[in-house]
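Chemist: upload_2.txt (compact mmCIF, C-alpha atoms) pasted underneath:
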# COMPACT_ATOMS: atom_id res chain seq x y z
CA MET A 1 -42.53 -201.00 -77.13
CA ALA A 2 -41.69 -201.70 -80.73
CA THR A 3 -39.32 -199.42 -82.56
CA GLU A 4 -40.13 -198.88 -86.14
CA MET A 5 -37.18 -199.46 -88.31
CA VAL A 6 -37.47 -197.72 -91.60
CA ALA A 7 -35.24 -199.28 -94.16
CA GLU A 8 -33.75 -196.52 -96.24
CA LYS A 9 -32.82 -197.31 -99.75
CA THR A 10 -29.35 -196.10 -100.52
CA ALA A 11 -28.79 -194.55 -103.92
CA ALA A 12 -28.18 -197.14 -106.62
CA LYS A 13 -24.55 -197.47 -107.73
CA PRO A 14 -23.98 -196.11 -111.23
CA ALA A 15 -23.51 -198.60 -114.03
CA THR A 16 -19.97 -197.42 -114.73
CA ILE A 17 -17.02 -196.88 -112.39
CA GLU A 18 -16.09 -193.21 -112.17
CA LYS A 19 -12.98 -193.33 -110.01
CA VAL A 20 -10.48 -195.90 -108.76
CA SER A 21 -7.86 -195.54 -106.05
CA ILE A 22 -5.21 -198.21 -106.35
CA ILE A 23 -2.79 -199.22 -103.63
CA ILE A 24 0.55 -200.75 -104.56
CA SER A 25 2.14 -202.37 -101.53
CA LYS A 26 4.66 -204.81 -103.00
CA GLY A 27 8.14 -204.26 -104.33
CA SER A 28 8.56 -207.10 -106.78
CA LEU A 29 8.05 -206.78 -110.53
CA GLU A 30 5.01 -209.04 -110.48
CA GLY A 31 3.77 -207.22 -107.39
CA ILE A 32 3.91 -203.79 -109.01
CA TYR A 33 2.71 -204.32 -112.58
CA PRO A 34 -0.92 -205.29 -111.83
CA GLY A 35 -1.60 -201.98 -110.10
CA LEU A 36 -0.02 -200.08 -112.96
CA ILE A 37 -2.10 -201.94 -115.53
CA MET A 38 -5.22 -201.20 -113.49
CA ALA A 39 -4.37 -197.50 -113.31
CA ASN A 40 -3.49 -197.16 -116.98
CA GLY A 41 -6.51 -199.21 -117.98
CA ALA A 42 -8.75 -197.04 -115.86
CA ARG A 43 -7.52 -193.88 -117.54
CA ALA A 44 -8.02 -195.44 -120.97
CA GLU A 45 -11.66 -196.02 -120.00
CA GLY A 46 -12.04 -192.43 -118.87
CA ILE A 47 -11.99 -193.44 -115.20
CA GLU A 48 -10.25 -191.10 -112.75
CA ALA A 49 -7.31 -192.85 -111.07
CA ASN A 50 -5.20 -192.37 -107.96
CA LEU A 51 -2.16 -194.51 -107.22
CA PHE A 52 -0.96 -194.90 -103.65
CA PHE A 53 2.44 -196.48 -103.08
CA THR A 54 3.11 -197.98 -99.68
CA PHE A 55 5.76 -200.19 -98.07
CA PHE A 56 7.94 -201.80 -100.68
CA GLY A 57 5.69 -200.38 -103.37
CA LEU A 58 7.59 -197.15 -102.77
CA ASP A 59 10.45 -198.66 -104.75
CA ALA A 60 8.41 -198.13 -107.89
CA ILE A 61 8.51 -194.35 -107.36
CA HIS A 62 11.97 -194.18 -105.78
CA LYS A 63 14.50 -192.44 -108.03
CA LYS A 64 17.34 -194.78 -107.15
CA ARG A 65 15.37 -198.00 -107.10
CA HIS A 66 12.68 -197.84 -109.73
CA GLU A 67 14.94 -199.16 -112.48
CA ASN A 68 16.04 -202.19 -110.44
CA ILE A 69 12.80 -203.92 -109.61
CA LYS A 70 13.09 -207.69 -109.68
CA ILE A 71 10.99 -210.82 -109.91
CA ALA A 72 10.75 -212.64 -106.57
CA THR A 73 12.28 -216.06 -107.18
CA VAL A 74 12.31 -217.57 -103.69
CA GLY A 75 9.17 -219.06 -102.21
CA ASN A 76 7.19 -217.88 -105.23
CA PRO A 77 5.07 -220.90 -106.22
CA GLY A 78 3.48 -219.00 -109.10
CA LEU A 79 6.85 -218.81 -110.79
CA HIS A 80 7.11 -222.63 -110.93
CA VAL A 81 10.74 -222.51 -109.94
CA ALA A 82 11.82 -224.58 -106.92
CA THR A 83 12.73 -222.45 -103.93
CA TRP A 84 16.20 -224.00 -103.65
CA LEU A 85 16.82 -223.13 -107.32
CA GLY A 86 15.34 -219.67 -107.03
CA GLY A 87 17.77 -218.89 -104.22
CA PHE A 88 20.85 -219.21 -106.40
CA PRO A 89 22.86 -216.00 -106.77
CA GLY A 90 21.77 -214.18 -109.89
CA MET A 91 18.54 -216.16 -110.35
CA SER A 92 16.39 -213.13 -109.69
CA SER A 93 18.31 -211.05 -112.22
CA VAL A 94 18.13 -213.79 -114.83
CA MET A 95 14.38 -214.27 -114.38
CA THR A 96 13.83 -210.52 -114.39
CA HIS A 97 15.77 -210.04 -117.63
CA TYR A 98 13.90 -212.90 -119.23
CA MET A 99 10.55 -211.44 -118.20
CA GLN A 100 11.56 -207.97 -119.34
CA SER A 101 12.56 -209.16 -122.81
CA LYS A 102 9.19 -210.89 -123.15
CA MET A 103 7.46 -207.71 -122.10
CA GLU A 104 9.43 -205.64 -124.57
CA HIS A 105 8.21 -207.98 -127.29
CA LEU A 106 4.64 -207.14 -126.34
CA ASP A 107 5.45 -203.44 -126.02
CA ILE A 108 4.75 -203.44 -122.29
CA PRO A 109 6.75 -200.49 -120.94
CA SER A 110 9.34 -200.79 -118.16
CA ILE A 111 8.19 -199.72 -114.71
CA PRO A 112 9.80 -196.23 -114.90
CA ASP A 113 8.38 -195.63 -118.40
CA PHE A 114 4.99 -197.03 -117.43
CA ILE A 115 4.71 -194.81 -114.37
CA GLU A 116 5.71 -191.75 -116.38
CA MET A 117 3.08 -192.70 -118.96
CA ILE A 118 0.45 -193.17 -116.27
CA ALA A 119 1.25 -189.75 -114.83
CA ASP A 120 0.87 -188.32 -118.36
CA THR A 121 -2.65 -189.75 -118.56
CA GLY A 122 -3.60 -187.52 -115.64
CA ALA A 123 -3.57 -190.16 -112.91
CA LYS A 124 -2.26 -188.86 -109.57
CA LEU A 125 0.60 -190.60 -107.78
CA TYR A 126 1.09 -190.53 -104.02
CA GLY A 127 3.56 -191.89 -101.49
CA CYS A 128 2.46 -193.27 -98.14
CA LYS A 129 3.62 -191.04 -95.28
CA ALA A 130 3.94 -193.88 -92.78
CA SER A 131 6.21 -195.84 -95.11
CA ILE A 132 8.21 -192.77 -96.04
CA ASP A 133 8.87 -192.15 -92.35
CA LEU A 134 9.64 -195.82 -91.73
CA PHE A 135 12.28 -195.92 -94.45
CA GLY A 136 13.65 -192.48 -93.63
CA LEU A 137 12.84 -191.04 -97.05
CA THR A 138 11.73 -187.63 -98.23
CA LYS A 139 9.92 -186.35 -101.32
CA GLU A 140 13.38 -185.70 -102.80
CA ASP A 141 13.93 -189.44 -103.02
CA LEU A 142 10.85 -189.84 -105.14
CA ILE A 143 10.35 -189.29 -108.87
CA PRO A 144 9.02 -185.84 -109.86
CA GLN A 145 5.68 -187.27 -111.03
CA VAL A 146 4.66 -187.95 -107.42
CA GLU A 147 1.98 -185.46 -106.46
CA ASP A 148 2.43 -185.62 -102.70
CA ILE A 149 3.12 -187.76 -99.65
CA ILE A 150 -0.16 -188.42 -97.88
CA THR A 151 -1.60 -190.24 -94.89
CA VAL A 152 -4.01 -193.16 -95.03
CA GLY A 153 -6.80 -190.85 -93.88
CA GLU A 154 -6.10 -188.46 -96.74
CA PHE A 155 -6.09 -191.45 -99.08
CA TYR A 156 -9.54 -192.48 -97.85
CA GLY A 157 -10.74 -188.94 -98.39
CA MET A 158 -9.67 -188.87 -102.00
CA ALA A 159 -10.89 -192.43 -102.61
CA ALA A 160 -14.38 -191.62 -101.36
CA GLY A 161 -17.14 -192.27 -103.86
CA GLY A 162 -14.96 -194.54 -105.97
CA GLU A 163 -13.54 -198.03 -105.87
CA ILE A 164 -10.46 -199.01 -103.89
CA ILE A 165 -8.18 -201.64 -105.37
CA PHE A 166 -5.52 -203.17 -103.15
CA THR A 167 -2.52 -204.83 -104.75
CA MET B 1 -28.10 -199.71 -122.26
CA ALA B 2 -30.44 -200.14 -125.22
CA VAL B 3 -29.22 -200.09 -128.77
CA GLU B 4 -29.96 -196.66 -130.23
CA THR B 5 -29.96 -195.26 -133.72
CA LEU B 6 -28.24 -192.13 -135.04
CA GLY B 7 -30.29 -191.50 -138.14
CA SER B 8 -30.05 -194.85 -139.87
CA VAL B 9 -26.94 -195.89 -137.91
CA THR B 10 -26.90 -198.54 -135.19
CA LEU B 11 -24.81 -198.14 -132.06
CA ASP B 12 -24.21 -200.77 -129.40
CA GLY B 13 -24.80 -200.33 -125.68
CA GLU B 14 -21.49 -198.52 -125.24
CA GLY B 15 -21.99 -196.21 -128.23
CA PHE B 16 -19.76 -198.02 -130.73
CA PHE B 17 -20.83 -198.56 -134.34
CA VAL B 18 -22.27 -202.03 -134.86
CA HIS B 19 -21.68 -201.66 -138.61
CA PRO B 20 -18.53 -199.59 -139.22
CA ASP B 21 -19.37 -199.26 -142.92
CA GLU B 22 -22.38 -197.10 -141.98
CA TRP B 23 -19.97 -194.37 -140.88
CA THR B 24 -19.18 -191.31 -142.94
CA GLU B 25 -16.88 -188.39 -142.15
CA ALA B 26 -19.88 -186.08 -142.21
CA MET B 27 -21.05 -187.74 -138.98
CA VAL B 28 -17.87 -186.81 -137.13
CA PRO B 29 -18.83 -183.34 -135.82
CA GLU B 30 -22.09 -184.66 -134.33
CA LEU B 31 -20.42 -187.76 -132.89
CA ALA B 32 -17.70 -185.55 -131.40
CA ARG B 33 -20.28 -183.21 -129.89
CA ARG B 34 -21.92 -186.18 -128.19
CA GLU B 35 -18.54 -186.95 -126.61
CA GLY B 36 -18.29 -183.38 -125.33
CA ILE B 37 -15.68 -182.42 -127.92
CA ASP B 38 -16.39 -178.98 -129.28
CA PRO B 39 -14.60 -177.42 -131.07
CA LEU B 40 -13.22 -180.23 -133.17
CA THR B 41 -9.63 -179.31 -133.99
CA GLU B 42 -7.20 -180.56 -136.66
CA GLN B 43 -5.48 -182.65 -133.99
CA HIS B 44 -8.78 -184.37 -133.15
CA TRP B 45 -9.29 -185.07 -136.86
CA LYS B 46 -5.79 -186.47 -137.15
CA VAL B 47 -6.43 -189.00 -134.39
CA ILE B 48 -9.91 -189.92 -135.63
CA ARG B 49 -8.74 -190.47 -139.21
CA PHE B 50 -5.74 -192.44 -137.95
CA MET B 51 -7.92 -194.75 -135.83
CA ARG B 52 -10.21 -195.37 -138.81
CA GLN B 53 -7.27 -196.06 -141.10
CA GLU B 54 -5.70 -198.54 -138.66
CA TYR B 55 -9.01 -200.37 -138.37
CA LEU B 56 -9.44 -200.58 -142.14
CA GLN B 57 -5.87 -201.78 -142.61
CA LYS B 58 -5.48 -204.10 -139.64
CA GLY B 59 -9.01 -205.03 -138.65
CA THR B 60 -8.77 -203.29 -135.30
CA GLY B 61 -8.01 -199.86 -133.95
CA PRO B 62 -4.95 -199.40 -131.71
CA ALA B 63 -5.04 -199.18 -127.92
CA VAL B 64 -3.65 -195.99 -126.36
CA ARG B 65 0.08 -196.72 -126.25
CA ALA B 66 0.13 -198.12 -129.79
CA LEU B 67 -1.91 -195.11 -130.93
CA SER B 68 0.57 -192.72 -129.33
CA LYS B 69 3.59 -194.43 -130.91
CA SER B 70 2.25 -194.90 -134.42
CA ALA B 71 0.38 -191.60 -134.76
CA ASP B 72 3.34 -189.88 -133.10
CA ILE B 73 1.27 -187.95 -130.55
CA SER B 74 2.29 -187.87 -126.90
CA ILE B 75 0.13 -189.55 -124.26
CA LYS B 76 -0.29 -186.18 -122.59
CA ASP B 77 -1.63 -184.59 -125.77
CA LEU B 78 -3.92 -187.55 -126.45
CA TYR B 79 -5.52 -187.25 -123.04
CA GLN B 80 -5.84 -183.50 -123.47
CA LEU B 81 -7.70 -184.04 -126.74
CA PHE B 82 -9.83 -186.93 -125.49
CA SER B 83 -9.99 -186.73 -121.71
CA LYS B 84 -12.34 -189.70 -121.34
CA GLY B 85 -9.95 -192.19 -122.90
CA PRO B 86 -8.30 -191.44 -126.28
CA ALA B 87 -8.57 -194.84 -127.99
CA LYS B 88 -12.06 -195.52 -126.69
CA VAL B 89 -13.57 -192.11 -127.54
CA ALA B 90 -11.76 -191.69 -130.86
CA ALA B 91 -12.93 -195.18 -131.85
CA ARG B 92 -16.55 -194.20 -131.15
CA ILE B 93 -16.18 -191.04 -133.26
CA ALA B 94 -14.36 -192.93 -136.01
CA GLY B 95 -17.16 -195.47 -136.26
CA ILE B 96 -14.93 -198.45 -135.45
CA PRO B 97 -15.23 -201.16 -132.79
CA LYS B 98 -13.66 -200.62 -129.37
CA PRO B 99 -9.96 -201.54 -129.53
CA ARG B 100 -9.02 -204.50 -127.35
CA GLY B 101 -5.81 -203.96 -125.44
CA CYS B 102 -4.60 -203.50 -121.91
CA ILE B 103 -1.89 -200.94 -122.50
Would you mind giving the structure from this file in structure tokens?

Modeler:
Amino acid sequence: MATEMVAEKTAAKPATIEKVSIIISKGSLEGIYPGLIMANGARAEGIEANLFFTFFGLDAIHKKRHENIKIATVGNPGLHVATWLGGFPGMSSVMTHYMQSKMEHLDIPSIPDFIEMIADTGAKLYGCKASIDLFGLTKEDLIPQVEDIITVGEFYGMAAGGEIIFT
Amino acid sequence: MAVETLGSVTLDGEGFFVHPDEWTEAMVPELARREGIDPLTEQHWKVIRFMRQEYLQKGTGPAVRALSKSADISIKDLYQLFSKGPAKVAARIAGIPKPRGCI
């Protein structure tokens, strides 16, 4: 007894992206910036954007930590600095300062300024509930621009219909 | 998206002027209407004229952050005026090419 399988054509994806939901899961400078550029760039293209900060990414929206985000200098092959050298005391600060001065030259805003700017564009910022609980934080620890602390399920709900970008 | 004409003007697939010198200020209200901007306020005009000026002086319009700093309008206000991307939409209305920038 043959079963007829009718292949249903799903609706064609639109030519432009309408919404992006970006996850930031890392706490290093180079781990945080790409997601911010994606969010800001999306808004500049008229694309709706949500930013979801999880794990060490929470540092980027943490009042007491967001100004102290550093470059990872140990075991970071992309940096082209030997691990034994990168482990020296102060290396991370030196590299971070160097990178920051280069960014200032190009008018790339600092992480706190950039996130404030991104919030001003209308993008929504969220903290991950699981990570918040894990680190024993509350909404009070986070910058005022954060819309809410949400679960992964709630994230999926708001990401529906758009693209998800994991960084 | 096919190249279309607005009167005798040629736009590219994204709606940007192929020949910026074909643009006149008289086209602005219609171009703005096509972007869903109605009414066109003095603030809109300020941004549009500024974008055009920057292009004529520097060969390219500014991206959003540069636009905000040099035109002295906050990011919040810019996005309220042009919700679908201030530099991109204002460039279309100002008859200049899309600014290239990541910030």

Chemist: Could the residues of chain B within 10 Å of chain A, counting only C-alpha atoms, be given as a PDB file with C-alpha atoms, in the coordinates of the input, please?

Modeler:
ATOM      1  CA  MET B   1     -28.100-199.710-122.260  1.00  0.00           C
ATOM      2  CA  ALA B  63      -5.040-199.180-127.920  1.00  0.00           C
ATOM      3  CA  VAL B  64      -3.650-195.990-126.360  1.00  0.00           C
ATOM      4  CA  ARG B  65       0.080-196.720-126.250  1.00  0.00           C
ATOM      5  CA  ALA B  66       0.130-198.120-129.790  1.00  0.00           C
ATOM      6  CA  SER B  74       2.290-187.870-126.900  1.00  0.00           C
ATOM      7  CA  ILE B  75       0.130-189.550-124.260  1.00  0.00           C
ATOM      8  CA  LYS B  76      -0.290-186.180-122.590  1.00  0.00           C
ATOM      9  CA  ASP B  77      -1.630-184.590-125.770  1.00  0.00           C
ATOM     10  CA  LEU B  78      -3.920-187.550-126.450  1.00  0.00           C
ATOM     11  CA  TYR B  79      -5.520-187.250-123.040  1.00  0.00           C
ATOM     12  CA  GLN B  80      -5.840-183.500-123.470  1.00  0.00           C
ATOM     13  CA  PHE B  82      -9.830-186.930-125.490  1.00  0.00           C
ATOM     14  CA  SER B  83      -9.990-186.730-121.710  1.00  0.00           C
ATOM     15  CA  LYS B  84     -12.340-189.700-121.340  1.00  0.00           C
ATOM     16  CA  GLY B  85      -9.950-192.190-122.900  1.00  0.00           C
ATOM     17  CA  PRO B  86      -8.300-191.440-126.280  1.00  0.00           C
ATOM     18  CA  ALA B  87      -8.570-194.840-127.990  1.00  0.00           C
ATOM     19  CA  LYS B  88     -12.060-195.520-126.690  1.00  0.00           C
ATOM     20  CA  VAL B  89     -13.570-192.110-127.540  1.00  0.00           C
ATOM     21  CA  GLY B 101      -5.810-203.960-125.440  1.00  0.00           C
ATOM     22  CA  CYS B 102      -4.600-203.500-121.910  1.00  0.00           C
ATOM     23  CA  ILE B 103      -1.890-200.940-122.500  1.00  0.00           C
TER      24      ILE B 103
END

Chemist: In file coordinates, which residues lie within 12 Å of (-8.4, -183.7, -138.4) using all atoms listed in the file, given as an NGL selection string?

Modeler: :B and (25 or 28-29 or 32 or 39-52 or 81 or 90 or 93-94)

Chemist: Smallest atom-to-atom distance to Lys26 of chain A: which of A:Leu125, A:Thr138, A:Ile69, A:Ala49, using all atoms listed in the file?

Modeler: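 Distance minimum relative to Lys26 of chain A lands on A:Ile69.
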
Chemist: With all atoms listed in the file as the counted atoms, please give the residues lying no more than 12 Å from Arg65 of chain A, apart from itself and same-chain residues fewer than 4 positions off, as an mmCIF file with C-alpha atoms, in the frame of the given file.

Modeler:
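Saved file result33.cif follows:
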data_model
loop_
_atom_site.group_PDB
_atom_site.id
_atom_site.type_symbol
_atom_site.label_atom_id
_atom_site.label_comp_id
_atom_site.auth_asym_id
_atom_site.auth_seq_id
_atom_site.Cartn_x
_atom_site.Cartn_y
_atom_site.Cartn_z
ATOM 1 C CA GLY A 27 8.140 -204.260 -104.330
ATOM 2 C CA SER A 28 8.560 -207.100 -106.780
ATOM 3 C CA LEU A 29 8.050 -206.780 -110.530
ATOM 4 C CA PHE A 56 7.940 -201.800 -100.680
ATOM 5 C CA GLY A 57 5.690 -200.380 -103.370
ATOM 6 C CA LEU A 58 7.590 -197.150 -102.770
ATOM 7 C CA ASP A 59 10.450 -198.660 -104.750
ATOM 8 C CA ALA A 60 8.410 -198.130 -107.890
ATOM 9 C CA ILE A 61 8.510 -194.350 -107.360
ATOM 10 C CA ILE A 69 12.800 -203.920 -109.610
ATOM 11 C CA LYS A 70 13.090 -207.690 -109.680
ATOM 12 C CA ILE A 111 8.190 -199.720 -114.710
ATOM 13 C CA PRO A 112 9.800 -196.230 -114.900
ATOM 14 C CA ASP A 141 13.930 -189.440 -103.020
ATOM 15 C CA LEU A 142 10.850 -189.840 -105.140
ATOM 16 C CA ILE A 143 10.350 -189.290 -108.870
#

Chemist: Find the distance between atom CA of Phe53 of chain A and atom CA of Tyr156 of chain A and write it in Å to one decimal.

Modeler: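 Value for the atom CA of Phe53 of chain A-atom CA of Tyr156 of chain A distance: 13.7 Å.
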
Chemist: Report, in Å with one decimal, the straight-line distance from atom CA of Phe55 of chain A to atom CA of Glu30 of chain A.

Modeler: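 Here the two named atoms are 15.3 Å from each other.
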
Chemist: What is the distance between atom CA of Ile115 of chain A and atom CA of Thr54 of chain A, in Å to one decimal?

Modeler: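 These atoms are spaced 15.1 Å apart.
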
Chemist: Taking every listed atom of segment 109-125 of chain A and adding 4 Å to each side, what centre and edge lengths in Å (one decimal) does the axis-aligned box have, as JSON?

Modeler:
{"center_x": 3.1, "center_y": -194.2, "center_z": -114.4, "size_x": 21.4, "size_y": 21.3, "size_z": 21.2}

Chemist: Counting all atoms listed in the file, what is within 8 Å of Trp23 of chain B, bar same-chain residues fewer than 5 positions away, as a ChimeraX atom specification?

Modeler: /B:9,17,94-95

Chemist: Nearest to Lys58 of chain B among B:Ile37, B:Leu11, B:Ala26, B:Ile96, with distances taken over all atoms listed in the file: which residue is it?

Modeler: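 When distances to Lys58 of chain B are compared using all atoms listed in the file, the smallest one comes from B:Ile96.
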